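J.: What follows is start17.cif, mmCIF, C-alpha atoms (C1' of nucleotides).
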data_final
#
loop_
_atom_site.label_atom_id
_atom_site.label_comp_id
_atom_site.auth_asym_id
_atom_site.auth_seq_id
_atom_site.Cartn_x
_atom_site.Cartn_y
_atom_site.Cartn_z
CA MET Y 1 20.85 -10.37 -0.16
CA ILE Y 2 17.57 -9.76 1.63
CA LEU Y 3 18.07 -6.02 1.62
CA HIS Y 4 19.11 -5.87 -2.01
CA THR Y 5 15.93 -7.71 -2.92
CA ALA Y 6 13.99 -5.40 -0.63
CA ALA Y 7 15.39 -2.29 -2.29
CA ARG Y 8 14.59 -3.60 -5.74
CA LEU Y 9 11.08 -4.59 -4.69
CA ALA Y 10 10.41 -1.29 -2.91
CA THR Y 11 10.88 0.74 -6.09
CA VAL Y 12 8.05 -1.24 -7.67
CA GLU Y 13 5.66 -1.89 -4.81
CA GLY Y 14 6.58 1.11 -2.71
CA LEU Y 15 8.17 1.09 0.73
CA ASP Y 16 4.77 0.43 2.25
CA GLY Y 17 3.70 -2.09 -0.35
CA LEU Y 18 6.90 -3.97 0.38
CA THR Y 19 5.38 -6.60 2.66
CA ILE Y 20 7.20 -9.11 4.83
CA GLY Y 21 5.38 -12.02 3.24
CA ARG Y 22 6.17 -10.90 -0.29
CA LEU Y 23 9.81 -10.32 0.53
CA ALA Y 24 10.03 -13.73 2.21
CA ALA Y 25 8.59 -15.42 -0.87
CA GLU Y 26 10.97 -13.51 -3.11
CA THR Y 27 14.03 -14.51 -1.06
CA GLY Y 28 12.87 -18.08 -0.44
CA MET Y 29 12.71 -17.58 3.30
CA SER Y 30 9.92 -17.96 5.79
CA LYS Y 31 8.12 -14.90 7.03
CA SER Y 32 9.21 -15.41 10.60
CA GLY Y 33 12.80 -16.23 9.70
CA LEU Y 34 13.11 -13.06 7.72
CA PHE Y 35 11.24 -10.99 10.23
CA ALA Y 36 13.63 -12.00 13.03
CA HIS Y 37 16.39 -10.04 11.33
CA PHE Y 38 14.65 -6.71 11.69
CA GLY Y 39 12.16 -6.86 14.54
CA SER Y 40 9.68 -4.52 12.91
CA LYS Y 41 8.58 -3.42 9.50
CA GLU Y 42 9.83 0.08 10.11
CA GLU Y 43 13.32 -1.22 10.88
CA LEU Y 44 13.18 -3.17 7.65
CA GLN Y 45 12.24 -0.03 5.77
CA LEU Y 46 15.07 1.96 7.31
CA ALA Y 47 17.58 -0.80 6.58
CA THR Y 48 16.28 -0.94 3.01
CA ILE Y 49 16.85 2.79 2.62
CA ASP Y 50 20.41 2.38 3.93
CA THR Y 51 21.05 -0.34 1.38
CA ALA Y 52 19.58 1.71 -1.44
CA GLU Y 53 21.79 4.60 -0.43
CA GLU Y 54 24.88 2.38 -0.58
CA ILE Y 55 23.96 1.16 -4.04
CA TYR Y 56 23.30 4.71 -5.14
CA GLU Y 57 26.58 5.95 -3.71
CA GLU Y 58 28.49 3.24 -5.48
CA ASP Y 59 26.73 3.64 -8.79
CA VAL Y 60 26.12 7.38 -9.06
CA LEU Y 61 28.15 9.34 -6.54
CA ARG Y 62 31.50 7.57 -6.51
CA PRO Y 63 32.23 7.84 -10.22
CA ALA Y 64 31.10 11.46 -10.36
CA LEU Y 65 33.05 12.57 -7.30
CA GLN Y 66 36.29 11.87 -9.12
CA GLU Y 67 35.59 15.01 -11.10
CA GLU Y 68 35.52 18.51 -9.69
CA GLY Y 69 33.62 21.72 -10.24
CA ARG Y 70 31.54 21.95 -13.39
CA ALA Y 71 32.71 18.54 -14.56
CA ARG Y 72 31.46 17.03 -11.30
CA LEU Y 73 28.12 18.74 -11.70
CA GLU Y 74 27.73 17.36 -15.20
CA ALA Y 75 28.97 13.92 -14.15
CA LEU Y 76 26.45 13.76 -11.31
CA CYS Y 77 23.65 14.50 -13.76
CA GLU Y 78 24.91 12.05 -16.32
CA ARG Y 79 25.47 9.25 -13.81
CA PHE Y 80 21.97 9.75 -12.48
CA LEU Y 81 20.42 9.46 -15.92
CA SER Y 82 22.55 6.44 -16.67
CA HIS Y 83 21.55 4.93 -13.34
CA VAL Y 84 17.88 5.13 -14.26
CA ASP Y 85 18.50 4.06 -17.85
CA ARG Y 86 20.43 0.94 -16.80
CA LYS Y 87 17.53 0.01 -14.52
CA VAL Y 88 19.66 -0.59 -11.47
CA PHE Y 89 16.32 -0.50 -9.71
CA PRO Y 90 13.32 -1.67 -11.74
CA GLY Y 91 11.28 1.28 -10.48
CA GLY Y 92 13.85 3.92 -11.43
CA CYS Y 93 15.34 6.17 -8.79
CA PHE Y 94 14.73 4.63 -5.38
CA PHE Y 95 14.56 7.97 -3.62
CA ALA Y 96 12.27 9.64 -6.13
CA SER Y 97 9.88 6.74 -5.66
CA ALA Y 98 10.17 6.81 -1.87
CA ALA Y 99 9.87 10.60 -1.69
CA ALA Y 100 6.65 10.63 -3.69
CA GLU Y 101 5.21 7.91 -1.50
CA LEU Y 102 6.18 9.29 1.88
CA ASP Y 103 5.98 13.03 1.33
CA THR Y 104 2.77 13.31 3.31
CA ARG Y 105 3.38 10.61 5.93
CA PRO Y 106 5.34 11.82 8.95
CA GLY Y 107 7.71 9.52 10.77
CA PRO Y 108 11.32 8.37 10.91
CA VAL Y 109 11.18 6.77 7.47
CA ARG Y 110 10.10 9.99 5.86
CA ASP Y 111 12.73 11.94 7.83
CA ARG Y 112 15.37 9.61 6.46
CA ILE Y 113 14.24 10.25 2.91
CA VAL Y 114 14.20 13.99 3.43
CA ALA Y 115 17.76 13.78 4.75
CA VAL Y 116 18.97 11.87 1.69
CA TYR Y 117 17.28 14.41 -0.57
CA GLY Y 118 19.08 17.18 1.29
CA GLU Y 119 22.43 15.47 0.86
CA TRP Y 120 21.87 15.08 -2.86
CA THR Y 121 20.87 18.66 -3.54
CA GLY Y 122 23.64 19.81 -1.22
CA LEU Y 123 26.11 17.93 -3.35
CA LEU Y 124 24.80 19.57 -6.50
CA GLU Y 125 24.91 23.01 -4.90
CA ASP Y 126 28.45 22.53 -3.65
CA SER Y 127 29.53 21.53 -7.14
CA VAL Y 128 27.99 24.71 -8.52
CA ARG Y 129 29.80 26.82 -5.94
CA THR Y 130 33.11 25.14 -6.59
CA ALA Y 131 32.61 25.63 -10.31
CA GLN Y 132 32.00 29.32 -9.63
CA GLU Y 133 35.17 29.61 -7.57
CA ARG Y 134 37.09 27.97 -10.38
CA GLY Y 135 35.60 30.39 -12.86
CA GLU Y 136 33.73 27.67 -14.75
CA LEU Y 137 30.33 29.09 -13.95
CA ASP Y 138 29.28 32.70 -13.66
CA ARG Y 139 29.35 34.09 -10.13
CA SER Y 140 25.99 35.75 -10.62
CA VAL Y 141 24.06 32.46 -10.78
CA ASP Y 142 22.20 31.36 -7.68
CA PRO Y 143 23.45 27.85 -6.80
CA ALA Y 144 20.13 26.84 -5.23
CA GLN Y 145 18.23 28.00 -8.30
CA LEU Y 146 20.48 26.18 -10.74
CA THR Y 147 20.35 23.05 -8.59
CA PHE Y 148 16.57 23.23 -8.53
CA GLU Y 149 16.34 23.41 -12.30
CA LEU Y 150 18.85 20.65 -12.97
CA ASN Y 151 17.34 18.34 -10.39
CA ALA Y 152 13.90 19.05 -11.84
CA MET Y 153 14.99 17.78 -15.24
CA LEU Y 154 16.63 14.71 -13.73
CA ALA Y 155 13.54 13.83 -11.75
CA GLU Y 156 11.29 14.49 -14.71
CA ALA Y 157 13.36 12.23 -16.95
CA ASN Y 158 13.05 9.50 -14.34
CA GLY Y 159 9.30 9.99 -14.05
CA VAL Y 160 8.51 10.29 -17.73
CA TYR Y 161 10.65 7.29 -18.63
CA LEU Y 162 8.94 5.11 -16.03
CA LEU Y 163 5.50 6.29 -17.05
CA THR Y 164 5.84 6.15 -20.82
CA GLY Y 165 8.89 3.92 -21.35
CA ASP Y 166 10.12 6.46 -23.87
CA PRO Y 167 13.92 6.82 -23.71
CA ARG Y 168 13.69 10.22 -25.41
CA ALA Y 169 13.03 11.49 -21.90
CA PHE Y 170 16.74 11.06 -21.26
CA ASP Y 171 17.65 12.93 -24.43
CA MET Y 172 15.46 15.85 -23.47
CA ALA Y 173 16.95 15.94 -19.99
CA ARG Y 174 20.49 15.82 -21.38
CA ARG Y 175 19.78 18.58 -23.84
CA GLY Y 176 18.01 20.74 -21.29
CA ILE Y 177 20.74 20.27 -18.72
CA ALA Y 178 23.54 20.95 -21.20
CA GLU Y 179 21.90 24.16 -22.37
CA ARG Y 180 21.13 25.27 -18.84
CA VAL Y 181 24.66 24.70 -17.61
CA GLU Y 182 26.10 26.39 -20.70
CA ARG Y 183 23.89 29.39 -20.06
CA ALA Y 184 25.28 29.53 -16.50
CA ALA Y 185 28.85 29.46 -17.76
CA ALA Y 186 30.88 32.64 -17.62
CA MET O 1 -19.16 13.52 -1.79
CA ILE O 2 -17.67 10.04 -1.54
CA LEU O 3 -15.46 10.62 -4.55
CA HIS O 4 -14.29 14.04 -3.43
CA THR O 5 -13.22 12.49 -0.14
CA ALA O 6 -11.60 9.64 -2.04
CA ALA O 7 -9.61 11.99 -4.23
CA ARG O 8 -8.39 13.95 -1.24
CA LEU O 9 -7.48 10.78 0.64
CA ALA O 10 -5.73 9.21 -2.33
CA THR O 11 -3.18 12.02 -2.57
CA VAL O 12 -2.11 11.21 0.98
CA GLU O 13 -2.48 7.45 1.25
CA GLY O 14 -2.01 6.65 -2.42
CA LEU O 15 -4.55 5.14 -4.77
CA ASP O 16 -3.72 1.72 -3.41
CA GLY O 17 -3.55 2.80 0.19
CA LEU O 18 -7.01 4.26 -0.25
CA THR O 19 -8.93 1.40 1.38
CA ILE O 20 -12.65 0.84 1.34
CA GLY O 21 -12.79 0.66 5.11
CA ARG O 22 -10.89 3.88 5.59
CA LEU O 23 -13.00 5.70 3.04
CA ALA O 24 -16.16 4.37 4.67
CA ALA O 25 -15.02 5.63 8.06
CA GLU O 26 -14.10 9.01 6.58
CA THR O 27 -17.50 9.45 4.93
CA GLY O 28 -19.47 8.00 7.84
CA MET O 29 -20.82 5.16 5.74
CA SER O 30 -20.66 1.41 6.14
CA LYS O 31 -18.11 -0.52 4.11
CA SER O 32 -20.76 -2.50 2.27
CA GLY O 33 -22.95 0.49 1.56
CA LEU O 34 -20.06 2.37 0.06
CA PHE O 35 -18.76 -0.63 -1.81
CA ALA O 36 -22.10 -1.20 -3.53
CA HIS O 37 -21.64 2.02 -5.44
CA PHE O 38 -18.58 0.78 -7.27
CA GLY O 39 -18.56 -3.01 -7.33
CA SER O 40 -14.81 -3.31 -7.08
CA LYS O 41 -11.85 -1.43 -5.74
CA GLU O 42 -10.54 -0.85 -9.24
CA GLU O 43 -13.79 0.80 -10.28
CA LEU O 44 -13.53 3.01 -7.24
CA GLN O 45 -10.01 3.99 -8.24
CA LEU O 46 -11.06 4.83 -11.78
CA ALA O 47 -14.02 6.86 -10.55
CA THR O 48 -11.70 8.67 -8.16
CA ILE O 49 -9.38 9.57 -11.03
CA ASP O 50 -12.34 10.92 -13.00
CA THR O 51 -13.32 13.10 -10.08
CA ALA O 52 -9.79 14.35 -9.58
CA GLU O 53 -9.65 15.23 -13.24
CA GLU O 54 -12.85 17.25 -12.96
CA ILE O 55 -11.50 19.16 -9.98
CA TYR O 56 -8.26 19.76 -11.81
CA GLU O 57 -10.02 20.94 -14.93
CA GLU O 58 -12.11 23.36 -12.95
CA ASP O 59 -9.26 24.69 -10.87
CA VAL O 60 -6.32 24.72 -13.27
CA LEU O 61 -7.38 24.31 -16.86
CA ARG O 62 -10.53 26.37 -17.13
CA PRO O 63 -9.04 29.67 -15.91
CA ALA O 64 -5.91 29.22 -18.03
CA LEU O 65 -7.75 28.28 -21.21
CA GLN O 66 -9.25 31.76 -21.34
CA GLU O 67 -5.83 32.95 -22.43
CA GLU O 68 -4.14 32.04 -25.69
CA GLY O 69 -0.62 31.39 -26.92
CA ARG O 70 2.21 32.37 -24.62
CA ALA O 71 -0.19 33.84 -22.09
CA ARG O 72 -1.99 30.50 -21.93
CA LEU O 73 1.28 28.66 -21.42
CA GLU O 74 2.24 30.92 -18.56
CA ALA O 75 -1.25 30.78 -17.08
CA LEU O 76 -1.21 26.98 -17.12
CA CYS O 77 2.06 26.97 -15.20
CA GLU O 78 0.89 29.61 -12.75
CA ARG O 79 -2.45 27.94 -12.12
CA PHE O 80 -0.70 24.65 -11.48
CA LEU O 81 1.63 26.17 -8.90
CA SER O 82 -1.28 27.98 -7.31
CA HIS O 83 -3.25 24.73 -7.29
CA VAL O 84 -0.54 23.01 -5.27
CA ASP O 85 0.06 26.04 -3.06
CA ARG O 86 -3.61 26.34 -2.15
CA LYS O 87 -3.60 22.66 -1.14
CA VAL O 88 -6.68 21.78 -3.15
CA PHE O 89 -5.48 18.24 -2.50
CA PRO O 90 -3.55 17.73 0.74
CA GLY O 91 -1.00 15.59 -1.11
CA GLY O 92 -0.32 18.15 -3.83
CA CYS O 93 -0.92 17.29 -7.46
CA PHE O 94 -3.17 14.25 -7.62
CA PHE O 95 -1.69 13.02 -10.86
CA ALA O 96 1.93 13.48 -9.85
CA SER O 97 1.19 11.39 -6.80
CA ALA O 98 -0.69 8.75 -8.77
CA ALA O 99 1.89 8.62 -11.55
CA ALA O 100 4.73 7.99 -9.11
CA GLU O 101 2.74 5.26 -7.45
CA LEU O 102 1.52 3.45 -10.53
CA ASP O 103 4.36 3.95 -12.97
CA THR O 104 5.49 0.35 -12.62
CA ARG O 105 2.13 -1.38 -12.13
CA PRO O 106 0.37 -2.25 -15.35
CA GLY O 107 -3.40 -2.18 -15.59
CA PRO O 108 -6.32 0.02 -16.51
CA VAL O 109 -5.69 2.40 -13.62
CA ARG O 110 -2.16 3.09 -14.76
CA ASP O 111 -3.36 3.48 -18.36
CA ARG O 112 -5.79 6.10 -17.22
CA ILE O 113 -3.05 8.06 -15.49
CA VAL O 114 -0.80 7.86 -18.53
CA ALA O 115 -3.64 9.22 -20.66
CA VAL O 116 -4.16 12.19 -18.36
CA TYR O 117 -0.44 12.92 -18.40
CA GLY O 118 -0.52 12.89 -22.19
CA GLU O 119 -3.43 15.32 -22.26
CA TRP O 120 -1.61 17.71 -19.95
CA THR O 121 1.66 17.75 -21.84
CA GLY O 122 -0.28 17.92 -25.10
CA LEU O 123 -1.98 21.05 -23.84
CA LEU O 124 1.35 22.63 -22.97
CA GLU O 125 2.81 21.70 -26.34
CA ASP O 126 -0.17 23.10 -28.22
CA SER O 127 0.17 26.35 -26.33
CA VAL O 128 3.81 26.54 -27.33
CA ARG O 129 2.94 25.94 -30.97
CA THR O 130 0.21 28.53 -30.97
CA ALA O 131 2.57 30.99 -29.34
CA GLN O 132 5.05 30.31 -32.13
CA GLU O 133 2.41 30.88 -34.79
CA ARG O 134 1.54 34.14 -33.14
CA GLY O 135 5.17 35.16 -33.09
CA GLU O 136 5.34 35.18 -29.30
CA LEU O 137 7.91 32.41 -29.15
CA ASP O 138 10.78 31.70 -31.48
CA ARG O 139 10.00 29.20 -34.23
CA SER O 140 13.29 27.42 -33.63
CA VAL O 141 12.32 26.10 -30.22
CA ASP O 142 11.23 22.46 -29.97
CA PRO O 143 7.76 22.44 -28.38
CA ALA O 144 8.31 19.00 -26.81
CA GLN O 145 11.63 20.11 -25.33
CA LEU O 146 10.25 23.31 -23.87
CA THR O 147 7.25 21.44 -22.50
CA PHE O 148 9.55 18.90 -20.88
CA GLU O 149 11.55 21.58 -19.13
CA LEU O 150 8.58 23.58 -17.94
CA ASN O 151 6.73 20.53 -16.72
CA ALA O 152 9.89 19.37 -14.95
CA MET O 153 10.00 22.56 -12.91
CA LEU O 154 6.29 22.35 -12.10
CA ALA O 155 6.60 18.76 -10.92
CA GLU O 156 9.73 19.52 -8.95
CA ALA O 157 8.08 22.43 -7.20
CA ASN O 158 5.22 20.13 -6.24
CA GLY O 159 7.61 17.44 -5.00
CA VAL O 160 9.98 19.70 -3.10
CA TYR O 161 7.18 21.62 -1.45
CA LEU O 162 5.53 18.43 -0.24
CA LEU O 163 8.80 16.96 0.98
CA THR O 164 10.25 20.01 2.70
CA GLY O 165 7.26 22.29 3.19
CA ASP O 166 9.40 25.13 1.90
CA PRO O 167 7.32 27.55 -0.22
CA ARG O 168 10.50 28.85 -1.86
CA ALA O 169 10.10 25.87 -4.15
CA PHE O 170 7.33 27.83 -5.86
CA ASP O 171 9.53 30.90 -6.18
CA MET O 172 12.30 28.89 -7.80
CA ALA O 173 9.86 27.29 -10.20
CA ARG O 174 8.36 30.66 -11.12
CA ARG O 175 11.74 32.19 -11.68
CA GLY O 176 13.02 29.23 -13.69
CA ILE O 177 9.91 29.11 -15.81
CA ALA O 178 9.88 32.85 -16.46
CA GLU O 179 13.51 32.83 -17.53
CA ARG O 180 13.06 29.73 -19.67
CA VAL O 181 10.05 31.13 -21.49
CA GLU O 182 11.74 34.47 -21.96
CA ARG O 183 14.72 32.70 -23.49
CA ALA O 184 12.35 30.98 -25.91
CA ALA O 185 10.80 34.28 -26.93
CA ALA O 186 11.63 35.72 -30.32
"C1'" DG R 1 -52.06 0.86 -1.48
"C1'" DG R 2 -48.78 -2.25 -3.52
"C1'" DA R 3 -44.92 -3.35 -6.69
"C1'" DC R 4 -40.34 -1.83 -7.68
"C1'" DA R 5 -35.82 0.00 -7.91
"C1'" DA R 6 -32.37 2.38 -5.25
"C1'" DT R 7 -29.74 2.84 -1.29
"C1'" DA R 8 -27.85 1.61 3.04
"C1'" DC R 9 -26.84 -1.67 6.57
"C1'" DG R 10 -24.61 -5.63 9.61
"C1'" DA R 11 -22.47 -9.92 9.40
"C1'" DA R 12 -19.51 -12.98 7.55
"C1'" DC R 13 -16.40 -15.01 3.97
"C1'" DG R 14 -11.34 -16.21 2.95
"C1'" DT R 15 -6.89 -13.94 2.63
"C1'" DT R 16 -3.07 -11.28 4.00
"C1'" DC R 17 -1.08 -8.11 6.97
"C1'" DG R 18 2.55 -7.36 11.04
"C1'" DT R 19 4.02 -9.52 15.02
"C1'" DG R 20 4.97 -12.79 18.71
"C1'" DC R 21 6.55 -17.50 20.77
"C1'" DT R 22 8.82 -21.85 20.63
"C1'" DA R 23 11.63 -25.41 18.92
"C1'" DG R 24 15.19 -27.22 15.95
"C1'" DC R 25 19.29 -26.88 13.10
"C1'" DC R 26 23.93 -25.49 11.98
"C1'" DT R 27 28.74 -23.87 13.31
"C1'" DG R 28 32.49 -22.96 16.26
"C1'" DT R 29 34.76 -23.37 21.14
"C1'" DC R 30 36.18 -25.61 24.98
"C1'" DG Q 1 31.69 -34.86 22.74
"C1'" DA Q 2 29.16 -31.39 25.26
"C1'" DC Q 3 27.70 -26.80 24.89
"C1'" DA Q 4 26.48 -22.10 23.52
"C1'" DG Q 5 24.71 -18.64 19.98
"C1'" DG Q 6 22.95 -17.26 15.92
"C1'" DC Q 7 19.57 -18.39 12.09
"C1'" DT Q 8 15.66 -20.31 10.54
"C1'" DA Q 9 11.09 -22.54 10.45
"C1'" DG Q 10 6.39 -23.64 12.36
"C1'" DC Q 11 2.49 -22.06 14.29
"C1'" DA Q 12 -0.78 -18.81 16.19
"C1'" DC Q 13 -2.71 -14.25 17.21
"C1'" DG Q 14 -5.68 -10.12 16.16
"C1'" DA Q 15 -6.56 -6.80 12.79
"C1'" DA Q 16 -7.58 -5.20 8.31
"C1'" DC Q 17 -8.12 -6.22 3.57
"C1'" DG Q 18 -11.69 -6.74 -0.65
"C1'" DT Q 19 -15.83 -8.97 -1.41
"C1'" DT Q 20 -20.50 -11.22 -0.97
"C1'" DC Q 21 -24.94 -11.96 1.06
"C1'" DG Q 22 -29.42 -11.12 2.99
"C1'" DT Q 23 -32.19 -7.54 4.72
"C1'" DA Q 24 -34.25 -3.07 6.17
"C1'" DT Q 25 -35.38 1.48 4.78
"C1'" DT Q 26 -36.58 4.77 1.47
"C1'" DG Q 27 -38.99 7.15 -2.56
"C1'" DT Q 28 -41.51 6.66 -7.07
"C1'" DC Q 29 -44.77 5.18 -10.27
"C1'" DC Q 30 -48.99 2.43 -11.33
#
Can you dump the structure from the file as structure tokens?
T.:
Amino acid sequence: MILHTAARLATVEGLDGLTIGRLAAETGMSKSGLFAHFGSKEELQLATIDTAEEIYEEDVLRPALQEEGRARLEALCERFLSHVDRKVFPGGCFFASAAAELDTRPGPVRDRIVAVYGEWTGLLEDSVRTAQERGELDRSVDPAQLTFELNAMLAEANGVYLLTGDPRAFDMARRGIAERVERAAA
Amino acid sequence: MILHTAARLATVEGLDGLTIGRLAAETGMSKSGLFAHFGSKEELQLATIDTAEEIYEEDVLRPALQEEGRARLEALCERFLSHVDRKVFPGGCFFASAAAELDTRPGPVRDRIVAVYGEWTGLLEDSVRTAQERGELDRSVDPAQLTFELNAMLAEANGVYLLTGDPRAFDMARRGIAERVERAAA
DNA sequence: GGACAATACGAACGTTCGTGCTAGCCTGTC
DNA sequence: GACAGGCTAGCACGAACGTTCGTATTGTCC
């Protein structure tokens, strides 16, 4: 319960702005009582990232991984957009928020975020490659390049929606992604 | 000098993490002496945004605005990538960093960032429209859609480069942008 | 030369930060 | 019914936060 609250709070206040006192107030606990669970703020941050990853896996990855190849690629994109749209976290994608905050601050927390980013793009790339092997996407497309472009539109939809509140950001991402994937089809 | 330091610092520590004490230490001034210039932290943040905007205008906009139509569109993209690559701000694009930080925190500082974002995308859209009028881009393309996709790749290049340090992020953005614009050409 | 605004300073305010230490309360085991 | 272990709260700490105050130094105009 603590960590779920922490993950939700961190997407709004940031992983650094997530303070022990604020989290204690939000959960109805005392600062010291809550603190005893983690031992340090950094441990709390790492545990929060783990929890966010679990939520993300359950909500985005698991449904999409039931598909394969091109369908998986499209499902991953769609589940991501839906994830942001349904406001599972009030501050949109947890990892987009954390990445922007920590990208210039070395340390184990940042390393953890970089690792999660790598897993995500790796998943997209693998889907592209599988789709190519199945003949659903042209073999001449560079998986890393396609992944970059798709992920860019996903991240931009997340960012624009949070900044402007305009849900058309999702429409533009969906349209851009659909056209881009279609163009990569054989 | 204070504000230039503030803008540089804010891309690393965030606009909120930019503390008066830290900025005073960085500039060699006393906290109170520095504080007197602004009267409040919020005023300091707003002044910092103004300064960042000036730097950005000088470094990105001014050179690109000498072109027109499609050339202007491409120059805006290229200058942006170059701006990040040259590390004018150590934390990449000032406004990408600020937008990610403030997207869920209402107030005048956030409003200011939203306004700057609107100016930037408006500039891209206008370039697209002019290019269409000049027959350099197909009239059937939706300027907002194309702007969304191009800006997505710019922002992603900024984000990926900061997170991974891999300059290939710029290459992928350049390639994606070139192909996307070419596809929009008549 | 003296009044005046601008600029910088050190010291202190109250608050919140992360982090310890200590004591009490549950719950389950013998 | 005693006892042990895991949670939790209370309290205190040093540091840093934004902010305010009084004051010392400057440079400019009369």
J.: Quick one: residues within 12 Å of DT22 (chain R), all atoms listed in the file, excluding same-chain residues fewer than 6 positions away - as a PyMOL selection string?
T.: (chain Y and resi 32) or (chain Q and resi 9-12)
J.: Evaluated on this file, the PyMOL selection byres ((chain O) within 9 of (chain Q)) picks out some residues - which ones are they, written as a PDB file with C-alpha atoms, in the frame of the given file?
T.:
ATOM      1  CA  THR O  19      -8.930   1.400   1.380  1.00  0.00           C
ATOM      2  CA  ILE O  20     -12.650   0.840   1.340  1.00  0.00           C
ATOM      3  CA  GLY O  21     -12.790   0.660   5.110  1.00  0.00           C
ATOM      4  CA  SER O  32     -20.760  -2.500   2.270  1.00  0.00           C
ATOM      5  CA  PHE O  35     -18.760  -0.630  -1.810  1.00  0.00           C
ATOM      6  CA  GLY O  39     -18.560  -3.010  -7.330  1.00  0.00           C
ATOM      7  CA  SER O  40     -14.810  -3.310  -7.080  1.00  0.00           C
ATOM      8  CA  LYS O  41     -11.850  -1.430  -5.740  1.00  0.00           C
TER       9      LYS O  41
END
J.: Selection in question (the file shown): the PyMOL selection byres ((chain R) within 8 of (chain O)). Which residues does it include, as a PyMOL selection string?
T.: chain R and resi 7-9
J.: Counting all atoms listed in the file, what are the residues of chain Y within 10 Å of chain O, and for each of them which pair of atoms is the nearest and at what distance in Å, to one decimal? Sort the table by chain and rising number, as a Markdown table.
T.:
| residue | atom | partner | partner_atom | distance |
| --- | --- | --- | --- | --- |
| Y:Thr11 | CA | O:Thr104 | CA | 8.5 |
| Y:Val12 | CA | O:Thr104 | CA | 5.8 |
| Y:Glu13 | CA | O:Thr104 | CA | 8.1 |
| Y:Gly14 | CA | O:Glu101 | CA | 7.4 |
| Y:Asp16 | CA | O:Gly17 | CA | 8.9 |
| Y:Gly17 | CA | O:Gly17 | CA | 8.8 |
| Y:Pro90 | CA | O:Thr104 | CA | 8.1 |
| Y:Gly91 | CA | O:Thr104 | CA | 6.2 |
| Y:Gly92 | CA | O:Thr104 | CA | 9.2 |
| Y:Ala96 | CA | O:Ala100 | CA | 8.3 |
| Y:Ser97 | CA | O:Ala100 | CA | 6.3 |
| Y:Ala98 | CA | O:Ala100 | CA | 9.1 |
| Y:Ala99 | CA | O:Leu163 | CA | 7.0 |
| Y:Ala100 | CA | O:Ala100 | CA | 6.3 |
| Y:Glu101 | CA | O:Glu101 | CA | 7.0 |
| Y:Leu102 | CA | O:Leu163 | CA | 8.2 |
| Y:Asp103 | CA | O:Leu163 | CA | 4.8 |
| Y:Thr104 | CA | O:Val12 | CA | 5.8 |
| Y:Arg105 | CA | O:Val12 | CA | 7.4 |
| Y:Arg110 | CA | O:Leu163 | CA | 8.6 |
| Y:Asp111 | CA | O:Leu163 | CA | 9.4 |
| Y:Ile113 | CA | O:Leu163 | CA | 8.9 |
| Y:Val114 | CA | O:Leu163 | CA | 6.6 |
| Y:Ala115 | CA | O:Thr164 | CA | 10.0 |
| Y:Tyr117 | CA | O:Leu163 | CA | 9.0 |
| Y:Gly118 | CA | O:Thr164 | CA | 9.4 |
| Y:Ala144 | CA | O:Met172 | CA | 8.5 |
| Y:Gln145 | CA | O:Met172 | CA | 6.0 |
| Y:Leu146 | CA | O:Gly176 | CA | 8.6 |
| Y:Thr147 | CA | O:Met172 | CA | 10.0 |
| Y:Phe148 | CA | O:Met172 | CA | 7.1 |
| Y:Glu149 | CA | O:Met153 | CA | 6.4 |
| Y:Leu150 | CA | O:Met153 | CA | 9.1 |
| Y:Asn151 | CA | O:Glu156 | CA | 7.8 |
| Y:Ala152 | CA | O:Ala152 | CA | 5.1 |
| Y:Met153 | CA | O:Ala152 | CA | 5.3 |
| Y:Leu154 | CA | O:Ala152 | CA | 8.3 |
| Y:Ala155 | CA | O:Ala152 | CA | 7.4 |
| Y:Glu156 | CA | O:Ala152 | CA | 5.1 |
| Y:Ala157 | CA | O:Ala152 | CA | 8.2 |
| Y:Asn158 | CA | O:Ala100 | CA | 9.9 |
| Y:Gly159 | CA | O:Ala100 | CA | 7.0 |
| Y:Val160 | CA | O:Asp103 | CA | 8.9 |
| Y:Tyr161 | CA | O:Asp103 | CA | 9.1 |
| Y:Leu162 | CA | O:Asp103 | CA | 5.6 |
| Y:Leu163 | CA | O:Asp103 | CA | 4.8 |
| Y:Thr164 | CA | O:Val114 | CA | 7.2 |
| Y:Gly165 | CA | O:Asp103 | CA | 9.5 |
| Y:Ala169 | CA | O:Phe148 | CA | 8.2 |
| Y:Asp171 | CA | O:Gln145 | CA | 9.4 |
| Y:Met172 | CA | O:Gln145 | CA | 6.0 |
| Y:Ala173 | CA | O:Glu149 | CA | 7.9 |
| Y:Arg175 | CA | O:Gln145 | CA | 8.4 |
| Y:Gly176 | CA | O:Glu149 | CA | 6.9 |
| Y:Ile177 | CA | O:Glu149 | CA | 9.3 |
| Y:Arg180 | CA | O:Arg180 | CA | 9.3 |
J.: Using only C-alpha atoms (C1' of nucleotides) - which residues lie no farther than 12 Å from the point (-12.4, 15.0, -0.6) in the file's frame? Write them as a ChimeraX atom specification.
T.: /O:1-12,23,26-27,48,51-52,55,87-91,94
J.: Just how far from CA of Gly69 (chain O) is CA of Arg129 (chain O), in Å to one decimal?
T.: 7.7 Å
J.: Provide the CA of Ser140 (chain Y) to CA of Glu119 (chain Y) distance in Å, to one decimal place.
T.: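 So the answer is 23.6 Å.
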J.: Would you compute the distance between CA of Glu43 (chain Y) and CA of Thr121 (chain Y)? Give it in Å to one decimal.
T.: 25.7 Å
J.: Can you tell me which residues surround Ala184 (chain O) at a distance of at most 9 Å, considering all atoms listed in the file, apart from same-chain residues fewer than 5 positions away, and format the answer as JSON, numbers by chain?
T.: {"O": [136, 137, 138, 139, 140, 141, 146, 179]}
